[in-house]
Amino acid sequence: MNTMNTTNTTNTTNTGNTTSDHDTDRRPHLYREMLRIRRFEERCVELYSATKIRGFLHLCIGEEAVAVGVMATLGPDDRVASTYREHGHALARGVSAGSVMAEMYGKVEGCSRGRGGSMHLFDTSVGFYGGNAIVAGGLPLTIGMGLADRLTGRPLVNVALFGEGAAAEGEFHESMNLAALWGLPVLFACENNRYAMGTALAKTHARTDLAARAEGYGMPAETVDGMDVEAVEAATRRAVEAIRAGEGPRFIEFLTYRFRAHSMYDPDRYREPAEVEEWKQRDPIPRLAERLIADGLVDQESLAALETEIEREIDDAIAFAEAGTIEPVEDLTRFVLTEATT
Ligand SMILES: Cc1ncc(C[n+]2csc(CCOP(=O)(O)OP(=O)(O)O)c2C)c(N)n1
Ligand SMILES: [Mg+2]
């Protein structure tokens, strides 16, 4: 039997071991991470229907290749700022499934003490600077962090993940301009899934070629197949190496697609079912499985074993969240103002 040599459990991170070991085949690891995210979010749908998870819930099902391919190229001290569609980013970056799930349950054991929920996952111990409900809100964060790195000479990379809808925001333009002007170590990673809520990009922009627009700000840019994790990983690695070498910011547009609605409240009436079906044919998970099987790296037995292992990890995460604590009402004003220290 082939065994999937991918070591990542609920509480370990995958952020530090990826840049040097070009010799080992990383694809089983990429596969495992995409499957973890897919299965995690499928369970979130069930838990949402059971009202265990409340509030907003935005799923990245279909877009896992971007999360996994990008995170696989980063070192432990690099930083990531994300959007409200960030479960996959957080899990791939190394925030444990238990702490993400507890956060969605609103429990103190969650990565943001249960105060943020699905849209505000945050864990600086793995360089994950949120989760941000504001479209384009993460971009200026990476500019500040990138400026700090430049001033102190740290060879780090700051990644801003955002949807193509961010291109309509002032923060997008200001951030791109400053990053290029000051040569900051920032990767702009755009997840172009064609829609901002129900609005297609062409309905809000005269020019839809986002990579060309990034070049207009003075930074190298490219467009990549975001449904192919190997292509995502390769392009991001090139960009990250250039940024770390001090060459300034880079922009990558990943062409991707969300298989589900914008959020749990979206009736999804603005796109044709045939379009969704067409993109499902490009699902990054079976696409990689086929290659792994063809190359003899996995077989049906090892794939089934991996499913069981992931199911167990998610069961554990749910049990952890269920057993968690709701913050007492009298504590709710804590952290609103800085607490006095003696
Ligand atoms: C500044 C701001 N304006 C409007 C909204 C409302 N809003 C929430 S999601 C969204 C669409 C964003 O689409 P995109 O950036 O493409 O990300 P996707 O949801 O496709 O991942 C909008 C307009 C918001 N959250 N923040
Ligand atoms: Mg979008």
# chains A, B, ... in the order shown; residues from 1 in each chain; ligands from 1
call {"tool": "residues_near_ligand", "arguments": {"ligand": "ligand 1", "cutoff": "6 Å", "atoms": "only C-alpha atoms and all ligand atoms", "output": "ChimeraX atom specification"}}
result
/A:85,133-135,162-166,193,195-197,262
call {"tool": "residues_near_ligand", "arguments": {"ligand": "ligand 2", "cutoff": "12 Å", "atoms": "only C-alpha atoms and all ligand atoms", "output": "JSON list (two decimals) with C-alpha atoms, in the first residue's frame"}}
result
[["chain", "number", "residue", "atom", "x", "y", "z"],
["A", 58, "HIS", "CA", -18.43, 32.14, 3.73],
["A", 59, "LEU", "CA", -17.03, 28.93, 2.32],
["A", 60, "CYS", "CA", -14.05, 28.50, 0.02],
["A", 63, "GLU", "CA", -10.89, 27.48, -4.08],
["A", 83, "THR", "CA", -10.54, 38.04, 4.03],
["A", 84, "TYR", "CA", -13.80, 36.78, 5.51],
["A", 85, "ARG", "CA", -13.48, 33.70, 3.24],
["A", 135, "VAL", "CA", -13.31, 44.10, 1.59],
["A", 136, "ALA", "CA", -9.62, 45.01, 0.94],
["A", 161, "LEU", "CA", -5.05, 37.48, 0.07],
["A", 162, "PHE", "CA", -8.13, 39.17, -1.34],
["A", 163, "GLY", "CA", -10.94, 38.69, -3.82],
["A", 164, "GLU", "CA", -11.17, 40.48, -7.15],
["A", 165, "GLY", "CA", -13.91, 42.62, -5.59],
["A", 166, "ALA", "CA", -11.15, 44.39, -3.65],
["A", 167, "ALA", "CA", -10.00, 46.02, -6.89],
["A", 168, "ALA", "CA", -12.93, 48.45, -6.55],
["A", 190, "CYS", "CA", -5.83, 37.94, -5.73],
["A", 191, "GLU", "CA", -8.44, 35.18, -5.69],
["A", 192, "ASN", "CA", -10.43, 36.03, -8.77],
["A", 193, "ASN", "CA", -13.53, 33.84, -8.44],
["A", 194, "ARG", "CA", -15.42, 36.03, -10.96],
["A", 195, "TYR", "CA", -18.01, 37.42, -8.53],
["A", 196, "ALA", "CA", -18.15, 39.93, -5.72],
["A", 197, "MET", "CA", -21.30, 38.73, -3.97],
["A", 198, "GLY", "CA", -23.62, 38.62, -7.01],
["A", 199, "THR", "CA", -21.70, 41.04, -9.23],
["A", 200, "ALA", "CA", -19.45, 39.85, -12.03],
["A", 201, "LEU", "CA", -16.18, 41.77, -12.44],
["A", 202, "ALA", "CA", -17.11, 43.03, -15.92],
["A", 253, "GLU", "CA", -4.12, 36.79, -10.03],
["A", 254, "PHE", "CA", -5.42, 33.27, -9.39],
["A", 255, "LEU", "CA", -8.34, 32.31, -11.60],
["A", 256, "THR", "CA", -10.61, 30.30, -9.35],
["A", 257, "TYR", "CA", -14.26, 29.63, -8.55],
["A", 258, "ARG", "CA", -16.43, 29.06, -5.52],
["A", 259, "PHE", "CA", -18.70, 26.07, -5.99],
["A", 261, "ALA", "CA", -23.02, 30.52, -2.87],
["A", 262, "HIS", "CA", -21.32, 33.69, -1.61],
["A", 263, "SER", "CA", -22.48, 32.98, 1.94]]
call {"tool": "atom_distance", "arguments": {"atom1": "CA of Trp279 in chain A", "atom2": "CA of Gly131 in chain A"}}
result
26.0 Å
call {"tool": "select_by_dssp", "arguments": {"residues": "range 92-244 of chain A", "states": "strand (DSSP E)", "output": "tab-separated table (two decimals) with N, CA and C atoms, in the first residue's frame"}}
result
chain	number	residue	atom	x	y	z
A	158	ASN	N	5.19	39.31	3.25
A	158	ASN	CA	3.84	39.59	3.76
A	158	ASN	C	2.85	39.35	2.63
A	159	VAL	N	1.91	38.46	2.89
A	159	VAL	CA	0.97	38.09	1.83
A	159	VAL	C	-0.41	38.67	2.11
A	160	ALA	N	-0.94	39.38	1.14
A	160	ALA	CA	-2.33	39.85	1.23
A	160	ALA	C	-3.16	38.98	0.29
A	161	LEU	N	-4.10	38.24	0.88
A	161	LEU	CA	-5.05	37.48	0.07
A	161	LEU	C	-6.34	38.26	0.00
A	162	PHE	N	-6.90	38.39	-1.19
A	162	PHE	CA	-8.13	39.17	-1.34
A	162	PHE	C	-8.87	38.73	-2.60
A	163	GLY	N	-10.15	39.01	-2.63
A	163	GLY	CA	-10.94	38.69	-3.82
A	163	GLY	C	-10.82	39.79	-4.86
A	186	VAL	N	5.86	42.57	-0.23
A	186	VAL	CA	4.44	42.19	-0.15
A	186	VAL	C	4.05	41.39	-1.40
A	187	LEU	N	3.35	40.29	-1.17
A	187	LEU	CA	2.74	39.55	-2.28
A	187	LEU	C	1.25	39.83	-2.27
A	188	PHE	N	0.77	40.39	-3.36
A	188	PHE	CA	-0.67	40.60	-3.54
A	188	PHE	C	-1.22	39.36	-4.23
A	189	ALA	N	-2.00	38.58	-3.48
A	189	ALA	CA	-2.51	37.31	-4.02
A	189	ALA	C	-4.03	37.44	-4.19
A	190	CYS	N	-4.42	37.66	-5.43
A	190	CYS	CA	-5.83	37.94	-5.73
A	190	CYS	C	-6.57	36.66	-6.12
A	191	GLU	N	-7.61	36.34	-5.36
A	191	GLU	CA	-8.44	35.18	-5.69
A	191	GLU	C	-9.59	35.67	-6.57
A	192	ASN	N	-9.39	35.56	-7.85
A	192	ASN	CA	-10.43	36.03	-8.77
A	192	ASN	C	-11.41	34.88	-9.04
A	195	TYR	N	-16.86	36.70	-9.10
A	195	TYR	CA	-18.01	37.42	-8.53
A	195	TYR	C	-17.65	38.08	-7.21
A	196	ALA	N	-18.17	39.27	-7.02
A	196	ALA	CA	-18.15	39.93	-5.72
A	196	ALA	C	-19.60	39.92	-5.25
A	199	THR	N	-22.08	40.15	-8.13
A	199	THR	CA	-21.70	41.04	-9.23
A	199	THR	C	-20.45	40.56	-9.94
A	200	ALA	N	-20.60	40.28	-11.23
A	200	ALA	CA	-19.45	39.85	-12.03
A	200	ALA	C	-18.50	41.02	-12.24
A	221	ALA	N	3.56	41.17	-12.49
A	221	ALA	CA	2.30	40.50	-12.19
A	221	ALA	C	2.07	39.37	-13.17
A	222	GLU	N	1.35	38.35	-12.72
A	222	GLU	CA	0.96	37.28	-13.65
A	222	GLU	C	-0.38	36.70	-13.27
A	223	THR	N	-0.98	36.01	-14.23
A	223	THR	CA	-2.26	35.33	-14.03
A	223	THR	C	-2.02	33.83	-14.08
A	224	VAL	N	-2.61	33.12	-13.10
A	224	VAL	CA	-2.30	31.70	-12.92
A	224	VAL	C	-3.60	30.91	-12.77
A	225	ASP	N	-3.59	29.65	-13.21
A	225	ASP	CA	-4.73	28.75	-13.03
A	225	ASP	C	-4.86	28.42	-11.54
call {"tool": "residues_around", "arguments": {"residues": "Arg54 in chain A", "least_positions_apart": "3", "cutoff": "12 Å", "atoms": "only C-alpha atoms", "output": "ChimeraX atom specification"}}
result
/A:44-51,57-58,101,103-107,114,116-119,264-265
call {"tool": "write_last_selection", "arguments": {"atoms": "N, CA and C atoms", "output": "mmCIF file, in the first residue's frame"}}
result
data_model
loop_
_atom_site.group_PDB
_atom_site.id
_atom_site.type_symbol
_atom_site.label_atom_id
_atom_site.label_comp_id
_atom_site.auth_asym_id
_atom_site.auth_seq_id
_atom_site.Cartn_x
_atom_site.Cartn_y
_atom_site.Cartn_z
ATOM 1 N N CYS A 44 -18.856 22.196 8.314
ATOM 2 C CA CYS A 44 -19.359 23.510 8.747
ATOM 3 C C CYS A 44 -20.777 23.739 8.230
ATOM 4 N N VAL A 45 -21.050 23.299 7.009
ATOM 5 C CA VAL A 45 -22.397 23.463 6.450
ATOM 6 C C VAL A 45 -23.402 22.729 7.330
ATOM 7 N N GLU A 46 -23.066 21.504 7.700
ATOM 8 C CA GLU A 46 -23.971 20.716 8.562
ATOM 9 C C GLU A 46 -24.165 21.405 9.909
ATOM 10 N N LEU A 47 -23.069 21.894 10.471
ATOM 11 C CA LEU A 47 -23.145 22.521 11.797
ATOM 12 C C LEU A 47 -23.908 23.839 11.740
ATOM 13 N N TYR A 48 -23.816 24.506 10.611
ATOM 14 C CA TYR A 48 -24.559 25.754 10.444
ATOM 15 C C TYR A 48 -26.058 25.455 10.393
ATOM 16 N N SER A 49 -26.414 24.417 9.632
ATOM 17 C CA SER A 49 -27.832 24.031 9.535
ATOM 18 C C SER A 49 -28.361 23.608 10.901
ATOM 19 N N ALA A 50 -27.497 23.043 11.715
ATOM 20 C CA ALA A 50 -27.903 22.610 13.061
ATOM 21 C C ALA A 50 -27.820 23.769 14.068
ATOM 22 N N THR A 51 -27.546 24.981 13.572
ATOM 23 C CA THR A 51 -27.383 26.219 14.357
ATOM 24 C C THR A 51 -26.321 26.111 15.452
ATOM 25 N N LEU A 57 -21.263 32.961 7.308
ATOM 26 C CA LEU A 57 -20.365 31.847 6.983
ATOM 27 C C LEU A 57 -20.097 31.870 5.485
ATOM 28 N N HIS A 58 -18.841 32.099 5.136
ATOM 29 C CA HIS A 58 -18.428 32.140 3.726
ATOM 30 C C HIS A 58 -17.483 30.973 3.483
ATOM 31 N N MET A 101 -12.566 25.758 14.771
ATOM 32 C CA MET A 101 -13.943 25.327 15.032
ATOM 33 C C MET A 101 -14.479 25.970 16.317
ATOM 34 N N GLU A 103 -13.669 28.758 17.512
ATOM 35 C CA GLU A 103 -13.951 30.157 17.200
ATOM 36 C C GLU A 103 -15.323 30.279 16.533
ATOM 37 N N MET A 104 -15.615 29.372 15.651
ATOM 38 C CA MET A 104 -16.919 29.446 14.964
ATOM 39 C C MET A 104 -18.072 29.139 15.915
ATOM 40 N N TYR A 105 -17.778 28.368 16.938
ATOM 41 C CA TYR A 105 -18.791 28.084 17.958
ATOM 42 C C TYR A 105 -18.922 29.241 18.949
ATOM 43 N N GLY A 106 -18.031 30.244 18.836
ATOM 44 C CA GLY A 106 -18.066 31.367 19.778
ATOM 45 C C GLY A 106 -17.517 31.018 21.146
ATOM 46 N N LYS A 107 -16.585 30.067 21.186
ATOM 47 C CA LYS A 107 -16.047 29.620 22.471
ATOM 48 C C LYS A 107 -14.696 30.290 22.768
ATOM 49 N N GLY A 114 -13.411 33.419 20.630
ATOM 50 C CA GLY A 114 -14.839 33.317 20.332
ATOM 51 C C GLY A 114 -15.496 34.655 20.046
ATOM 52 N N GLY A 116 -14.630 36.642 17.444
ATOM 53 C CA GLY A 116 -14.550 37.006 16.035
ATOM 54 C C GLY A 116 -15.468 36.187 15.147
ATOM 55 N N GLY A 117 -15.535 34.876 15.432
ATOM 56 C CA GLY A 117 -16.316 33.993 14.580
ATOM 57 C C GLY A 117 -15.640 33.743 13.249
ATOM 58 N N SER A 118 -16.429 33.187 12.347
ATOM 59 C CA SER A 118 -15.915 32.724 11.053
ATOM 60 C C SER A 118 -15.093 33.774 10.296
ATOM 61 N N MET A 119 -15.478 35.036 10.370
ATOM 62 C CA MET A 119 -14.829 36.059 9.540
ATOM 63 C C MET A 119 -13.567 36.648 10.163
ATOM 64 N N MET A 264 -23.960 31.707 3.379
ATOM 65 C CA MET A 264 -25.095 30.817 3.634
ATOM 66 C C MET A 264 -26.432 31.515 3.354
ATOM 67 N N TYR A 265 -26.417 32.832 3.224
ATOM 68 C CA TYR A 265 -27.668 33.558 2.999
ATOM 69 C C TYR A 265 -27.940 33.887 1.533
#
call {"tool": "residues_around", "arguments": {"residues": "Val70 in chain A", "least_positions_apart": "5", "cutoff": "12 Å", "atoms": "only C-alpha atoms", "output": "PyMOL selection string"}}
result
chain A and resi 14-15+18-19+30+33-34+63-65+75+78-80+88-90+92-93+157-161+187-191+224+226+228-240+252-254
call {"tool": "residues_around", "arguments": {"residues": "Phe122 in chain A", "least_positions_apart": "6", "cutoff": "6 Å", "atoms": "only C-alpha atoms", "output": "PyMOL selection string"}}
result
chain A and resi 111-112+128-130
call {"tool": "decode", "arguments": {"residues": "range 131-148 of chain A", "atoms": "N, CA and C atoms", "output": "short mmCIF file (atom, residue, chain, number, x, y, z; two decimals), in the first residue's frame"}}
result
data_model
loop_
_atom_site.label_atom_id
_atom_site.label_comp_id
_atom_site.auth_asym_id
_atom_site.auth_seq_id
_atom_site.Cartn_x
_atom_site.Cartn_y
_atom_site.Cartn_z
N GLY A 131 -8.36 37.04 8.59
CA GLY A 131 -9.72 37.30 8.79
C GLY A 131 -10.04 38.78 8.86
N ASN A 132 -10.80 39.28 7.84
CA ASN A 132 -11.18 40.69 7.83
C ASN A 132 -12.51 40.83 7.09
N ALA A 133 -13.51 41.39 7.79
CA ALA A 133 -14.84 41.50 7.17
C ALA A 133 -14.90 42.61 6.14
N ILE A 134 -13.93 43.51 6.18
CA ILE A 134 -13.94 44.66 5.27
C ILE A 134 -13.23 44.29 3.97
N VAL A 135 -13.93 44.42 2.87
CA VAL A 135 -13.31 44.10 1.59
C VAL A 135 -12.07 44.98 1.40
N ALA A 136 -10.93 44.36 1.11
CA ALA A 136 -9.62 45.01 0.94
C ALA A 136 -9.00 45.44 2.27
N GLY A 137 -9.63 45.14 3.38
CA GLY A 137 -9.12 45.59 4.68
C GLY A 137 -7.76 45.02 5.06
N GLY A 138 -7.42 43.86 4.53
CA GLY A 138 -6.13 43.25 4.88
C GLY A 138 -4.95 43.87 4.15
N LEU A 139 -5.23 44.55 3.04
CA LEU A 139 -4.10 45.04 2.23
C LEU A 139 -3.25 46.08 2.96
N PRO A 140 -3.85 47.11 3.57
CA PRO A 140 -3.02 48.09 4.27
C PRO A 140 -2.22 47.48 5.43
N LEU A 141 -2.76 46.40 6.03
CA LEU A 141 -2.00 45.73 7.09
C LEU A 141 -0.67 45.22 6.56
N THR A 142 -0.72 44.61 5.38
CA THR A 142 0.52 44.05 4.83
C THR A 142 1.49 45.17 4.44
N ILE A 143 0.95 46.33 4.11
CA ILE A 143 1.82 47.46 3.77
C ILE A 143 2.58 47.90 5.04
N GLY A 144 1.86 48.00 6.15
CA GLY A 144 2.51 48.38 7.41
C GLY A 144 3.54 47.36 7.84
N MET A 145 3.17 46.09 7.75
CA MET A 145 4.11 45.04 8.17
C MET A 145 5.31 45.00 7.22
N GLY A 146 5.03 45.18 5.94
CA GLY A 146 6.12 45.18 4.96
C GLY A 146 7.06 46.35 5.17
N LEU A 147 6.50 47.52 5.51
CA LEU A 147 7.34 48.70 5.76
C LEU A 147 8.22 48.44 6.99
N ALA A 148 7.64 47.85 8.02
CA ALA A 148 8.43 47.53 9.22
C ALA A 148 9.57 46.58 8.87
#
